[in-house]
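Peer 1: Take this structure, written in structure tokens, and hold onto it; I'll ask about it next.
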Amino acid sequence: MGRYIRKRLATAVLTVFLSIILNFLLIRLAPGDPISYITGQDFPSPQLRAELTEKYGFDRPLIVQFGVYLRSLLAGDLGQSIAGNRPVTDIISERIGPTLLLALTSAVAALLVGTSLGVYSARRPGSKFDTAMNGVSYVFDSMPPFWLGMMLSLIFASWFKLLPTSGMVDLRAGYTGFAHVLDVLRHLILPAATVVLVTFPYFFRVARTSVIQAMSDDYVVTFRAAGMKENRIFYKYVFRNAMLPTITAFGLTLAYVVAGVAIVEIVFSWPGTGSLMMNAIMQRDYPLLMGLYLVISISVAITMIVLDLVYALADPRIRYH
């Protein structure tokens with residue numbers, strides 16, 4: 001197991017490094033640059049533009065710029081935000097907490113909801129519930145998250161006034177202690193519900209398909225022929241084997257949710273990395289964008305390693321070397 005972990009860590013480091021190279025090139029090859037954003041598009045000062053270009057090192061060849069960035073990165077320095085004039089590490093650290101709260105809460109809730117419905121539906125294939133849930137899953141799977149978020153906000157915030165429309169806390173109330181926690185949870189409901197509704201269909205289909213397939217395996221038929229009770233067969237043998245694909249689905253979904261909640265955060269003005277990333281793209285803030293993409297790459301790499309280890313613990317037949 002130790003050798004396998006070392007190999008996976010080496011693969012993760014290589015993946016993150018390739019991601020750094022790719023992001024570095026794509027960001028700089030895209031139209032626009034941070035100097036144009038600072039100086040303006042209408043009447044830019046050639047002298048100011050030249051001074052800023054030299055200040056930030058954009059007059060150097062790309063390979064030299066990448067070498068400078070890599071040396072800073074190895075020293076633990078993500079650089080200075082061009083638009084915010086603050087360390088990238090400080091800016092991201094202020095925003096990563098709310099994003100992780102939203103992403104982890106949504107992913108776990110989607111896993112529980114989708115898997116429970118999928119298992120229940122698979123044990124009653126062809127029933128009215130199974131047919132209805134298949135239709136519902138496809139409907140929510142096809143909904144754009146930003147549209148669904150706006151509809152939920154319109155219904156539960158504007159019409160019924162049950163939940164707040166935006167933000168993470170009520171700044172005017174100034175809650176502290178447990179009241180502050182409850183306030184955060186109230187603000188979390190709508191954005192988390194949006195992510196859950198567009199994500200749970202994936203878990204539903206994976207769980208449903210896995211259970212139906214496992215229940216048709218030869219060993220299940222043999223147990224039934226031997227007179228073993230259906231519930232005992234399901235909970236002792238079928239359920240555990242059928243949940244293995246769900247573990248993979250959860251790992252992939254978690255990596256996607258961490259990187260993909262940006263639109264939902266913008267809709268609900270959730271103070272995470274979503275709006276931060278959009279502003280950085282608009283301002284062509286190279287250091288901040290590179291820092292955000294690096295955090296996403298590392299998150300995905302760590303998720304994949306943890307997923308493999310959990311897979312080995314869940315299935316004793318798997319042995320890593």
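In the structure tokens, chains take the letters A, B, ... in the order shown, each chain's residues start at 1, and ligands count up from 1 in the order shown.
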Using the chain letters and numbers from this document, which residues of region 49-215 of chain A does DSSP assign to alpha helix (DSSP H), as a PyMOL selection string?

Peer 2: chain A and resi 49-55+62-74+88-122+128-141+145-152+177-215

Peer 1: Do you know which residues are at most 10 Å from Leu289 (chain A) counting only C-alpha atoms, after dropping those on the same chain fewer than 6 positions away, and could you put them as a PDB file with N, CA, C and O atoms, in the first residue's frame?

Peer 2:
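Produced file around-v4.pdb, reproduced below:
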ATOM      1  N   ASN A  23      -2.223  25.981 -17.824  1.00  0.00           N
ATOM      2  CA  ASN A  23      -2.932  27.196 -17.414  1.00  0.00           C
ATOM      3  C   ASN A  23      -2.096  28.448 -17.673  1.00  0.00           C
ATOM      4  O   ASN A  23      -2.622  29.485 -18.087  1.00  0.00           O
ATOM      5  N   PHE A  24      -0.813  28.359 -17.421  1.00  0.00           N
ATOM      6  CA  PHE A  24       0.083  29.499 -17.652  1.00  0.00           C
ATOM      7  C   PHE A  24       0.038  29.932 -19.119  1.00  0.00           C
ATOM      8  O   PHE A  24      -0.068  31.125 -19.428  1.00  0.00           O
ATOM      9  N   ILE A  27      -3.753  31.177 -20.269  1.00  0.00           N
ATOM     10  CA  ILE A  27      -4.109  32.488 -19.729  1.00  0.00           C
ATOM     11  C   ILE A  27      -3.434  33.594 -20.525  1.00  0.00           C
ATOM     12  O   ILE A  27      -4.045  34.621 -20.848  1.00  0.00           O
ATOM     13  N   SER A  81      -1.503  39.928  -6.483  1.00  0.00           N
ATOM     14  CA  SER A  81      -2.610  40.229  -7.381  1.00  0.00           C
ATOM     15  C   SER A  81      -2.386  41.587  -8.046  1.00  0.00           C
ATOM     16  O   SER A  81      -2.081  42.570  -7.374  1.00  0.00           O
ATOM     17  N   VAL A  88      -1.729  36.932  -3.372  1.00  0.00           N
ATOM     18  CA  VAL A  88      -2.750  36.011  -3.864  1.00  0.00           C
ATOM     19  C   VAL A  88      -3.163  35.032  -2.770  1.00  0.00           C
ATOM     20  O   VAL A  88      -4.344  34.682  -2.640  1.00  0.00           O
ATOM     21  N   LEU A 276     -14.772  35.725  -7.342  1.00  0.00           N
ATOM     22  CA  LEU A 276     -13.355  36.081  -7.387  1.00  0.00           C
ATOM     23  C   LEU A 276     -12.737  35.653  -8.712  1.00  0.00           C
ATOM     24  O   LEU A 276     -11.977  36.406  -9.336  1.00  0.00           O
ATOM     25  N   MET A 277     -13.075  34.449  -9.156  1.00  0.00           N
ATOM     26  CA  MET A 277     -12.534  33.959 -10.418  1.00  0.00           C
ATOM     27  C   MET A 277     -13.075  34.759 -11.596  1.00  0.00           C
ATOM     28  O   MET A 277     -12.321  35.096 -12.524  1.00  0.00           O
ATOM     29  N   MET A 278     -14.358  35.083 -11.573  1.00  0.00           N
ATOM     30  CA  MET A 278     -14.932  35.853 -12.670  1.00  0.00           C
ATOM     31  C   MET A 278     -14.290  37.235 -12.761  1.00  0.00           C
ATOM     32  O   MET A 278     -13.968  37.718 -13.860  1.00  0.00           O
ATOM     33  N   ASN A 279     -14.077  37.883 -11.627  1.00  0.00           N
ATOM     34  CA  ASN A 279     -13.422  39.195 -11.629  1.00  0.00           C
ATOM     35  C   ASN A 279     -11.986  39.089 -12.134  1.00  0.00           C
ATOM     36  O   ASN A 279     -11.513  39.956 -12.872  1.00  0.00           O
ATOM     37  N   ALA A 280     -11.302  38.027 -11.718  1.00  0.00           N
ATOM     38  CA  ALA A 280      -9.920  37.843 -12.158  1.00  0.00           C
ATOM     39  C   ALA A 280      -9.848  37.622 -13.670  1.00  0.00           C
ATOM     40  O   ALA A 280      -8.920  38.100 -14.338  1.00  0.00           O
ATOM     41  N   ILE A 281     -10.835  36.919 -14.217  1.00  0.00           N
ATOM     42  CA  ILE A 281     -10.871  36.707 -15.671  1.00  0.00           C
ATOM     43  C   ILE A 281     -11.126  38.025 -16.396  1.00  0.00           C
ATOM     44  O   ILE A 281     -10.470  38.339 -17.390  1.00  0.00           O
ATOM     45  N   GLN A 283     -10.485  41.006 -15.359  1.00  0.00           N
ATOM     46  CA  GLN A 283      -9.370  41.927 -15.172  1.00  0.00           C
ATOM     47  C   GLN A 283      -8.053  41.367 -15.699  1.00  0.00           C
ATOM     48  O   GLN A 283      -7.030  42.063 -15.633  1.00  0.00           O
ATOM     49  N   VAL A 295      -5.180  25.864  -6.909  1.00  0.00           N
ATOM     50  CA  VAL A 295      -5.975  25.307  -5.808  1.00  0.00           C
ATOM     51  C   VAL A 295      -6.936  24.248  -6.330  1.00  0.00           C
ATOM     52  O   VAL A 295      -7.097  23.173  -5.722  1.00  0.00           O
TER      53      VAL A 295
END

Peer 1: Which is closest to Val306 (chain A) among A:Gly251, A:Gly84, A:Gly2, A:Gly32, if we use only C-alpha atoms?

Peer 2: A:Gly251

Peer 1: Do you know which residues are at most 12 Å from region 89-100 of chain A counting only C-alpha atoms, after dropping those on the same chain fewer than 6 positions away, and could you put them as a tab-separated table (two decimals) with all heavy atoms, in the first residue's frame?

Peer 2:
chain	number	residue	atom	x	y	z
A	73	LEU	N	6.70	29.93	-6.87
A	73	LEU	CA	5.77	28.90	-6.42
A	73	LEU	C	6.46	27.89	-5.52
A	73	LEU	O	5.92	27.48	-4.49
A	73	LEU	CB	5.15	28.20	-7.64
A	73	LEU	CG	3.96	27.27	-7.38
A	73	LEU	CD1	2.81	28.05	-6.78
A	73	LEU	CD2	3.54	26.60	-8.68
A	76	GLY	N	6.76	28.92	-2.09
A	76	GLY	CA	5.51	29.11	-1.37
A	76	GLY	C	4.84	30.44	-1.60
A	76	GLY	O	3.94	30.83	-0.86
A	77	ASP	N	5.26	31.15	-2.64
A	77	ASP	CA	4.72	32.48	-2.94
A	77	ASP	C	3.89	32.40	-4.22
A	77	ASP	O	4.42	32.10	-5.30
A	77	ASP	CB	5.86	33.49	-3.11
A	77	ASP	CG	5.37	34.90	-3.38
A	77	ASP	OD1	4.15	35.14	-3.20
A	77	ASP	OD2	6.18	35.76	-3.76
A	78	LEU	N	2.59	32.65	-4.11
A	78	LEU	CA	1.72	32.63	-5.29
A	78	LEU	C	1.71	33.96	-6.03
A	78	LEU	O	1.01	34.10	-7.03
A	78	LEU	CB	0.29	32.27	-4.88
A	78	LEU	CG	0.09	30.88	-4.27
A	78	LEU	CD1	-1.38	30.64	-3.96
A	78	LEU	CD2	0.62	29.80	-5.19
A	79	GLY	N	2.48	34.91	-5.54
A	79	GLY	CA	2.56	36.19	-6.23
A	79	GLY	C	1.63	37.24	-5.67
A	79	GLY	O	0.91	37.02	-4.68
A	80	GLN	N	1.61	38.38	-6.34
A	80	GLN	CA	0.82	39.54	-5.94
A	80	GLN	C	-0.28	39.78	-6.96
A	80	GLN	O	-0.03	39.80	-8.16
A	80	GLN	CB	1.72	40.77	-5.85
A	80	GLN	CG	1.10	41.96	-5.14
A	80	GLN	CD	1.38	41.95	-3.65
A	80	GLN	OE1	1.91	40.97	-3.14
A	80	GLN	NE2	1.02	43.01	-2.96
A	81	SER	N	-1.50	39.93	-6.48
A	81	SER	CA	-2.61	40.23	-7.38
A	81	SER	C	-2.39	41.59	-8.05
A	81	SER	O	-2.08	42.57	-7.37
A	81	SER	CB	-3.93	40.23	-6.61
A	81	SER	OG	-4.98	40.74	-7.40
A	82	ILE	N	-2.53	41.63	-9.36
A	82	ILE	CA	-2.31	42.88	-10.09
A	82	ILE	C	-3.45	43.85	-9.83
A	82	ILE	O	-3.22	45.05	-9.57
A	82	ILE	CB	-2.17	42.59	-11.59
A	82	ILE	CG1	-0.93	41.72	-11.85
A	82	ILE	CG2	-2.08	43.89	-12.40
A	82	ILE	CD1	-0.78	41.27	-13.29
A	83	ALA	N	-4.67	43.38	-9.87
A	83	ALA	CA	-5.82	44.26	-9.67
A	83	ALA	C	-6.01	44.62	-8.20
A	83	ALA	O	-6.33	45.76	-7.87
A	83	ALA	CB	-7.08	43.60	-10.21
A	106	SER	N	-23.04	20.39	-0.41
A	106	SER	CA	-23.86	20.03	-1.57
A	106	SER	C	-23.52	18.62	-2.06
A	106	SER	O	-24.42	17.84	-2.40
A	106	SER	CB	-23.64	21.03	-2.69
A	106	SER	OG	-23.93	22.34	-2.27
A	107	ALA	N	-22.23	18.30	-2.12
A	107	ALA	CA	-21.82	16.99	-2.62
A	107	ALA	C	-22.31	15.86	-1.72
A	107	ALA	O	-22.83	14.84	-2.20
A	107	ALA	CB	-20.30	16.93	-2.76
A	108	VAL	N	-22.17	16.03	-0.40
A	108	VAL	CA	-22.63	15.00	0.53
A	108	VAL	C	-24.15	14.86	0.49
A	108	VAL	O	-24.69	13.74	0.47
A	108	VAL	CB	-22.15	15.32	1.96
A	108	VAL	CG1	-22.77	14.36	2.97
A	108	VAL	CG2	-20.62	15.26	2.05
A	167	GLY	N	-25.77	36.47	-0.27
A	167	GLY	CA	-24.81	36.61	0.81
A	167	GLY	C	-24.66	35.35	1.64
A	167	GLY	O	-25.31	34.32	1.39
A	168	MET	N	-23.81	35.44	2.65
A	168	MET	CA	-23.56	34.32	3.54
A	168	MET	C	-24.07	34.58	4.96
A	168	MET	O	-24.38	33.65	5.70
A	168	MET	CB	-22.05	34.02	3.57
A	168	MET	CG	-21.64	32.79	4.32
A	168	MET	SD	-19.87	32.48	4.16
A	168	MET	CE	-19.70	31.06	5.25
A	169	VAL	N	-24.18	35.87	5.31
A	169	VAL	CA	-24.69	36.26	6.63
A	169	VAL	C	-25.50	37.54	6.48
A	169	VAL	O	-25.38	38.26	5.49
A	169	VAL	CB	-23.56	36.48	7.66
A	169	VAL	CG1	-22.84	35.19	7.98
A	169	VAL	CG2	-22.58	37.53	7.16
A	184	VAL	N	-25.81	31.47	8.90
A	184	VAL	CA	-25.06	30.93	7.76
A	184	VAL	C	-25.81	29.78	7.12
A	184	VAL	O	-25.89	29.68	5.88
A	184	VAL	CB	-23.64	30.48	8.20
A	184	VAL	CG1	-22.93	29.74	7.07
A	184	VAL	CG2	-22.81	31.67	8.65
A	185	LEU	N	-26.39	28.91	7.93
A	185	LEU	CA	-27.15	27.78	7.40
A	185	LEU	C	-28.37	28.24	6.61
A	185	LEU	O	-28.70	27.65	5.57
A	185	LEU	CB	-27.58	26.85	8.54
A	185	LEU	CG	-26.44	26.10	9.25
A	185	LEU	CD1	-27.01	25.26	10.40
A	185	LEU	CD2	-25.69	25.21	8.27
A	187	HIS	N	-28.65	31.03	4.93
A	187	HIS	CA	-28.14	31.54	3.66
A	187	HIS	C	-27.61	30.42	2.75
A	187	HIS	O	-27.54	30.58	1.53
A	187	HIS	CB	-27.03	32.57	3.90
A	187	HIS	CG	-27.53	33.90	4.38
A	187	HIS	ND1	-27.90	34.12	5.69
A	187	HIS	CD2	-27.71	35.08	3.72
A	187	HIS	CE1	-28.29	35.39	5.83
A	187	HIS	NE2	-28.19	35.99	4.66
A	188	LEU	N	-27.23	29.31	3.37
A	188	LEU	CA	-26.66	28.20	2.61
A	188	LEU	C	-27.72	27.36	1.90
A	188	LEU	O	-27.43	26.70	0.91
A	188	LEU	CB	-25.85	27.31	3.56
A	188	LEU	CG	-25.17	26.05	2.99
A	188	LEU	CD1	-24.10	26.43	1.97
A	188	LEU	CD2	-24.56	25.23	4.13
A	191	PRO	N	-28.40	28.14	-2.24
A	191	PRO	CA	-27.31	27.74	-3.14
A	191	PRO	C	-26.99	26.25	-3.05
A	191	PRO	O	-26.72	25.61	-4.08
A	191	PRO	CB	-26.12	28.59	-2.67
A	191	PRO	CG	-26.48	29.12	-1.35
A	191	PRO	CD	-27.96	29.21	-1.32
A	192	ALA	N	-27.05	25.67	-1.84
A	192	ALA	CA	-26.79	24.24	-1.72
A	192	ALA	C	-27.88	23.43	-2.40
A	192	ALA	O	-27.59	22.43	-3.08
A	192	ALA	CB	-26.68	23.85	-0.24
A	254	LEU	N	-17.32	15.41	-6.45
A	254	LEU	CA	-16.75	16.34	-5.49
A	254	LEU	C	-15.71	17.23	-6.16
A	254	LEU	O	-15.69	18.45	-5.94
A	254	LEU	CB	-16.10	15.57	-4.33
A	254	LEU	CG	-15.47	16.42	-3.22
A	254	LEU	CD1	-16.53	17.33	-2.59
A	254	LEU	CD2	-14.84	15.53	-2.17
A	255	ALA	N	-14.87	16.63	-7.00
A	255	ALA	CA	-13.88	17.44	-7.73
A	255	ALA	C	-14.57	18.43	-8.66
A	255	ALA	O	-14.16	19.60	-8.78
A	255	ALA	CB	-12.96	16.53	-8.53
A	257	VAL	N	-17.68	19.66	-8.28
A	257	VAL	CA	-18.43	20.66	-7.52
A	257	VAL	C	-17.49	21.75	-6.99
A	257	VAL	O	-17.82	22.94	-7.03
A	257	VAL	CB	-19.20	19.98	-6.36
A	257	VAL	CG1	-19.74	21.02	-5.39
A	257	VAL	CG2	-20.35	19.16	-6.91
A	258	VAL	N	-16.31	21.35	-6.47
A	258	VAL	CA	-15.37	22.34	-5.97
A	258	VAL	C	-14.99	23.33	-7.06
A	258	VAL	O	-14.85	24.53	-6.82
A	258	VAL	CB	-14.11	21.64	-5.41
A	258	VAL	CG1	-13.01	22.66	-5.09
A	258	VAL	CG2	-14.46	20.85	-4.16
A	259	ALA	N	-14.83	22.82	-8.28
A	259	ALA	CA	-14.44	23.69	-9.39
A	259	ALA	C	-15.62	24.35	-10.07
A	259	ALA	O	-15.45	25.36	-10.77
A	259	ALA	CB	-13.65	22.89	-10.42
A	260	GLY	N	-16.83	23.79	-9.89
A	260	GLY	CA	-17.94	24.24	-10.72
A	260	GLY	C	-19.06	25.00	-10.03
A	260	GLY	O	-20.11	25.24	-10.64
A	261	VAL	N	-18.87	25.38	-8.76
A	261	VAL	CA	-19.94	26.10	-8.06
A	261	VAL	C	-19.87	27.61	-8.33
A	261	VAL	O	-20.64	28.37	-7.73
A	261	VAL	CB	-19.89	25.86	-6.54
A	261	VAL	CG1	-20.16	24.41	-6.21
A	261	VAL	CG2	-18.55	26.31	-5.97
A	262	ALA	N	-18.98	28.02	-9.22
A	262	ALA	CA	-18.78	29.45	-9.45
A	262	ALA	C	-20.07	30.14	-9.88
A	262	ALA	O	-20.41	31.22	-9.37
A	262	ALA	CB	-17.69	29.66	-10.50
A	263	ILE	N	-20.80	29.53	-10.81
A	263	ILE	CA	-22.03	30.15	-11.32
A	263	ILE	C	-23.06	30.30	-10.21
A	263	ILE	O	-23.71	31.34	-10.08
A	263	ILE	CB	-22.60	29.32	-12.49
A	263	ILE	CG1	-21.63	29.31	-13.67
A	263	ILE	CG2	-23.94	29.89	-12.92
A	263	ILE	CD1	-21.37	30.68	-14.26
A	264	VAL	N	-23.20	29.26	-9.39
A	264	VAL	CA	-24.17	29.31	-8.29
A	264	VAL	C	-23.76	30.38	-7.29
A	264	VAL	O	-24.61	31.11	-6.75
A	264	VAL	CB	-24.27	27.93	-7.61
A	264	VAL	CG1	-25.20	28.00	-6.40
A	264	VAL	CG2	-24.78	26.90	-8.60
A	265	GLU	N	-22.46	30.49	-7.00
A	265	GLU	CA	-21.99	31.51	-6.07
A	265	GLU	C	-22.31	32.91	-6.58
A	265	GLU	O	-22.68	33.80	-5.81
A	265	GLU	CB	-20.48	31.37	-5.86
A	265	GLU	CG	-20.09	30.15	-5.05
A	265	GLU	CD	-18.60	30.07	-4.80
A	265	GLU	OE1	-17.85	30.89	-5.38
A	265	GLU	OE2	-18.16	29.20	-4.05
A	266	ILE	N	-22.18	33.10	-7.88
A	266	ILE	CA	-22.47	34.42	-8.46
A	266	ILE	C	-23.96	34.73	-8.37
A	266	ILE	O	-24.36	35.85	-8.04
A	266	ILE	CB	-21.97	34.47	-9.92
A	266	ILE	CG1	-20.44	34.40	-9.95
A	266	ILE	CG2	-22.46	35.74	-10.61
A	266	ILE	CD1	-19.87	34.25	-11.33
A	269	SER	N	-24.68	35.56	-4.77
A	269	SER	CA	-23.67	36.45	-4.15
A	269	SER	C	-22.99	35.77	-2.97
A	269	SER	O	-22.73	36.38	-1.93
A	269	SER	CB	-24.34	37.76	-3.68
A	269	SER	OG	-24.90	38.45	-4.76
A	270	TRP	N	-22.74	34.48	-3.12
A	270	TRP	CA	-22.05	33.73	-2.08
A	270	TRP	C	-20.56	34.12	-2.11
A	270	TRP	O	-19.93	34.08	-3.15
A	270	TRP	CB	-22.22	32.23	-2.34
A	270	TRP	CG	-21.68	31.34	-1.27
A	270	TRP	CD1	-20.50	30.67	-1.27
A	270	TRP	CD2	-22.33	31.01	-0.04
A	270	TRP	NE1	-20.36	29.95	-0.13
A	270	TRP	CE2	-21.46	30.13	0.67
A	270	TRP	CE3	-23.53	31.37	0.55
A	270	TRP	CZ2	-21.78	29.61	1.91
A	270	TRP	CZ3	-23.84	30.85	1.80
A	270	TRP	CH2	-22.98	29.98	2.46
A	271	PRO	N	-19.99	34.51	-0.98
A	271	PRO	CA	-18.63	35.08	-0.98
A	271	PRO	C	-17.52	34.03	-1.11
A	271	PRO	O	-16.60	33.98	-0.28
A	271	PRO	CB	-18.56	35.79	0.37
A	271	PRO	CG	-19.45	34.99	1.26
A	271	PRO	CD	-20.58	34.53	0.38
A	272	GLY	N	-17.60	33.20	-2.14
A	272	GLY	CA	-16.58	32.20	-2.37
A	272	GLY	C	-15.64	32.59	-3.49
A	272	GLY	O	-15.49	33.77	-3.82
A	273	THR	N	-15.02	31.59	-4.09
A	273	THR	CA	-14.05	31.85	-5.15
A	273	THR	C	-14.71	32.08	-6.51
A	273	THR	O	-14.01	32.42	-7.46
A	273	THR	CB	-13.06	30.69	-5.25
A	273	THR	OG1	-13.77	29.47	-5.51
A	273	THR	CG2	-12.25	30.53	-3.97
A	274	GLY	N	-16.03	31.85	-6.62
A	274	GLY	CA	-16.70	32.00	-7.91
A	274	GLY	C	-16.63	33.41	-8.45
A	274	GLY	O	-16.12	33.64	-9.57
A	275	SER	N	-17.12	34.37	-7.67
A	275	SER	CA	-17.06	35.77	-8.13
A	275	SER	C	-15.62	36.24	-8.22
A	275	SER	O	-15.29	37.07	-9.08
A	275	SER	CB	-17.85	36.66	-7.15
A	275	SER	OG	-17.33	36.55	-5.84
A	276	LEU	N	-14.77	35.72	-7.34
A	276	LEU	CA	-13.36	36.08	-7.39
A	276	LEU	C	-12.74	35.65	-8.71
A	276	LEU	O	-11.98	36.41	-9.34
A	276	LEU	CB	-12.62	35.42	-6.22
A	276	LEU	CG	-11.15	35.78	-6.04
A	276	LEU	CD1	-11.00	37.25	-5.69
A	276	LEU	CD2	-10.54	34.90	-4.93
A	277	MET	N	-13.08	34.45	-9.16
A	277	MET	CA	-12.53	33.96	-10.42
A	277	MET	C	-13.07	34.76	-11.60
A	277	MET	O	-12.32	35.10	-12.52
A	277	MET	CB	-12.87	32.48	-10.59
A	277	MET	CG	-12.28	31.85	-11.85
A	277	MET	SD	-12.68	30.09	-12.01
A	277	MET	CE	-11.82	29.42	-10.58
A	280	ALA	N	-11.30	38.03	-11.72
A	280	ALA	CA	-9.92	37.84	-12.16
A	280	ALA	C	-9.85	37.62	-13.67
A	280	ALA	O	-8.92	38.10	-14.34
A	280	ALA	CB	-9.29	36.66	-11.42
A	287	PRO	N	-1.70	36.47	-11.90
A	287	PRO	CA	-1.31	35.76	-10.67
A	287	PRO	C	-2.49	35.18	-9.89
A	287	PRO	O	-2.42	34.06	-9.39
A	287	PRO	CB	-0.59	36.85	-9.86
A	287	PRO	CG	-0.14	37.85	-10.87
A	287	PRO	CD	-1.20	37.86	-11.91
A	288	LEU	N	-3.58	35.94	-9.81
A	288	LEU	CA	-4.75	35.45	-9.08
A	288	LEU	C	-5.39	34.27	-9.79
A	288	LEU	O	-5.79	33.28	-9.15
A	288	LEU	CB	-5.77	36.58	-8.90
A	288	LEU	CG	-7.02	36.26	-8.09
A	288	LEU	CD1	-6.65	35.69	-6.72
A	288	LEU	CD2	-7.89	37.50	-7.93
A	289	LEU	N	-5.49	34.33	-11.11
A	289	LEU	CA	-6.04	33.21	-11.88
A	289	LEU	C	-5.19	31.96	-11.70
A	289	LEU	O	-5.71	30.86	-11.50
A	289	LEU	CB	-6.14	33.59	-13.36
A	289	LEU	CG	-7.36	34.40	-13.78
A	289	LEU	CD1	-7.26	34.79	-15.25
A	289	LEU	CD2	-8.64	33.59	-13.54
A	290	MET	N	-3.88	32.12	-11.80
A	290	MET	CA	-2.99	30.98	-11.64
A	290	MET	C	-3.13	30.38	-10.24
A	290	MET	O	-3.11	29.15	-10.07
A	290	MET	CB	-1.54	31.41	-11.87
A	290	MET	CG	-1.19	31.70	-13.32
A	290	MET	SD	-1.33	30.23	-14.38
A	290	MET	CE	-0.10	29.17	-13.63
A	291	GLY	N	-3.29	31.23	-9.23
A	291	GLY	CA	-3.48	30.73	-7.88
A	291	GLY	C	-4.77	29.95	-7.72
A	291	GLY	O	-4.80	28.88	-7.10
A	292	LEU	N	-5.85	30.47	-8.30
A	292	LEU	CA	-7.14	29.77	-8.22
A	292	LEU	C	-7.10	28.44	-8.95
A	292	LEU	O	-7.59	27.42	-8.43
A	292	LEU	CB	-8.24	30.66	-8.81
A	292	LEU	CG	-8.62	31.90	-7.98
A	292	LEU	CD1	-9.50	32.83	-8.80
A	292	LEU	CD2	-9.34	31.48	-6.71
A	293	TYR	N	-6.53	28.43	-10.15
A	293	TYR	CA	-6.44	27.18	-10.90
A	293	TYR	C	-5.53	26.17	-10.20
A	293	TYR	O	-5.78	24.96	-10.27
A	293	TYR	CB	-5.91	27.46	-12.31
A	293	TYR	CG	-6.86	28.25	-13.17
A	293	TYR	CD1	-6.41	29.03	-14.23
A	293	TYR	CD2	-8.23	28.23	-12.93
A	293	TYR	CE1	-7.27	29.77	-15.02
A	293	TYR	CE2	-9.11	28.95	-13.71
A	293	TYR	CZ	-8.63	29.73	-14.76
A	293	TYR	OH	-9.49	30.45	-15.53
A	294	LEU	N	-4.50	26.65	-9.52
A	294	LEU	CA	-3.62	25.75	-8.78
A	294	LEU	C	-4.38	25.09	-7.63
A	294	LEU	O	-4.24	23.88	-7.39
A	294	LEU	CB	-2.42	26.53	-8.24
A	294	LEU	CG	-1.43	25.73	-7.38
A	294	LEU	CD1	-0.79	24.62	-8.20
A	294	LEU	CD2	-0.36	26.66	-6.80
A	295	VAL	N	-5.18	25.86	-6.91
A	295	VAL	CA	-5.98	25.31	-5.81
A	295	VAL	C	-6.94	24.25	-6.33
A	295	VAL	O	-7.10	23.17	-5.72
A	295	VAL	CB	-6.74	26.43	-5.08
A	295	VAL	CG1	-7.76	25.85	-4.11
A	295	VAL	CG2	-5.78	27.34	-4.34
A	296	ILE	N	-7.57	24.52	-7.47
A	296	ILE	CA	-8.50	23.55	-8.05
A	296	ILE	C	-7.76	22.27	-8.46
A	296	ILE	O	-8.23	21.15	-8.20
A	296	ILE	CB	-9.22	24.17	-9.27
A	296	ILE	CG1	-10.16	25.28	-8.80
A	296	ILE	CG2	-10.01	23.10	-10.03
A	296	ILE	CD1	-10.78	26.05	-9.94
A	299	SER	N	-6.86	20.27	-5.41
A	299	SER	CA	-8.07	19.68	-4.83
A	299	SER	C	-8.48	18.42	-5.58
A	299	SER	O	-8.82	17.40	-4.96
A	299	SER	CB	-9.21	20.70	-4.85
A	299	SER	OG	-8.87	21.84	-4.11

Peer 1: Pick out the closest residue to Val211 (chain A) from this set: A:Thr115, A:Asn231, A:Ser166, A:Asn134. Count only C-alpha atoms.

Peer 2: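 With only C-alpha atoms as the atom set, the closest residue is A:Thr115.
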
Peer 1: Pick out the closest residue to Ser121 (chain A) from this set: A:Arg208, A:Arg284, A:Arg224, A:Arg28. Count only C-alpha atoms.

Peer 2: A:Arg208

Peer 1: Taking 4 positions as the minimum chain separation for residues in the same chain, which residues sit within 10 Å of Pro245 (chain A) when counting only C-alpha atoms? Answer as a PyMOL selection string.

Peer 2: chain A and resi 203+206-207+209-210+241+249-250+311

Peer 1: Using only C-alpha atoms, find the one residue out of A:Leu190, A:Ala12, A:Leu62, A:Leu182 that sits nearest to Leu148 (chain A).

Peer 2: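 So, comparing all the options, the nearest one is A:Leu190.
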
Peer 1: So how far away is CA of Phe17 (chain A) from CA of Val68 (chain A), in Å?

Peer 2: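 Those two atoms sit 14.8 Å apart.
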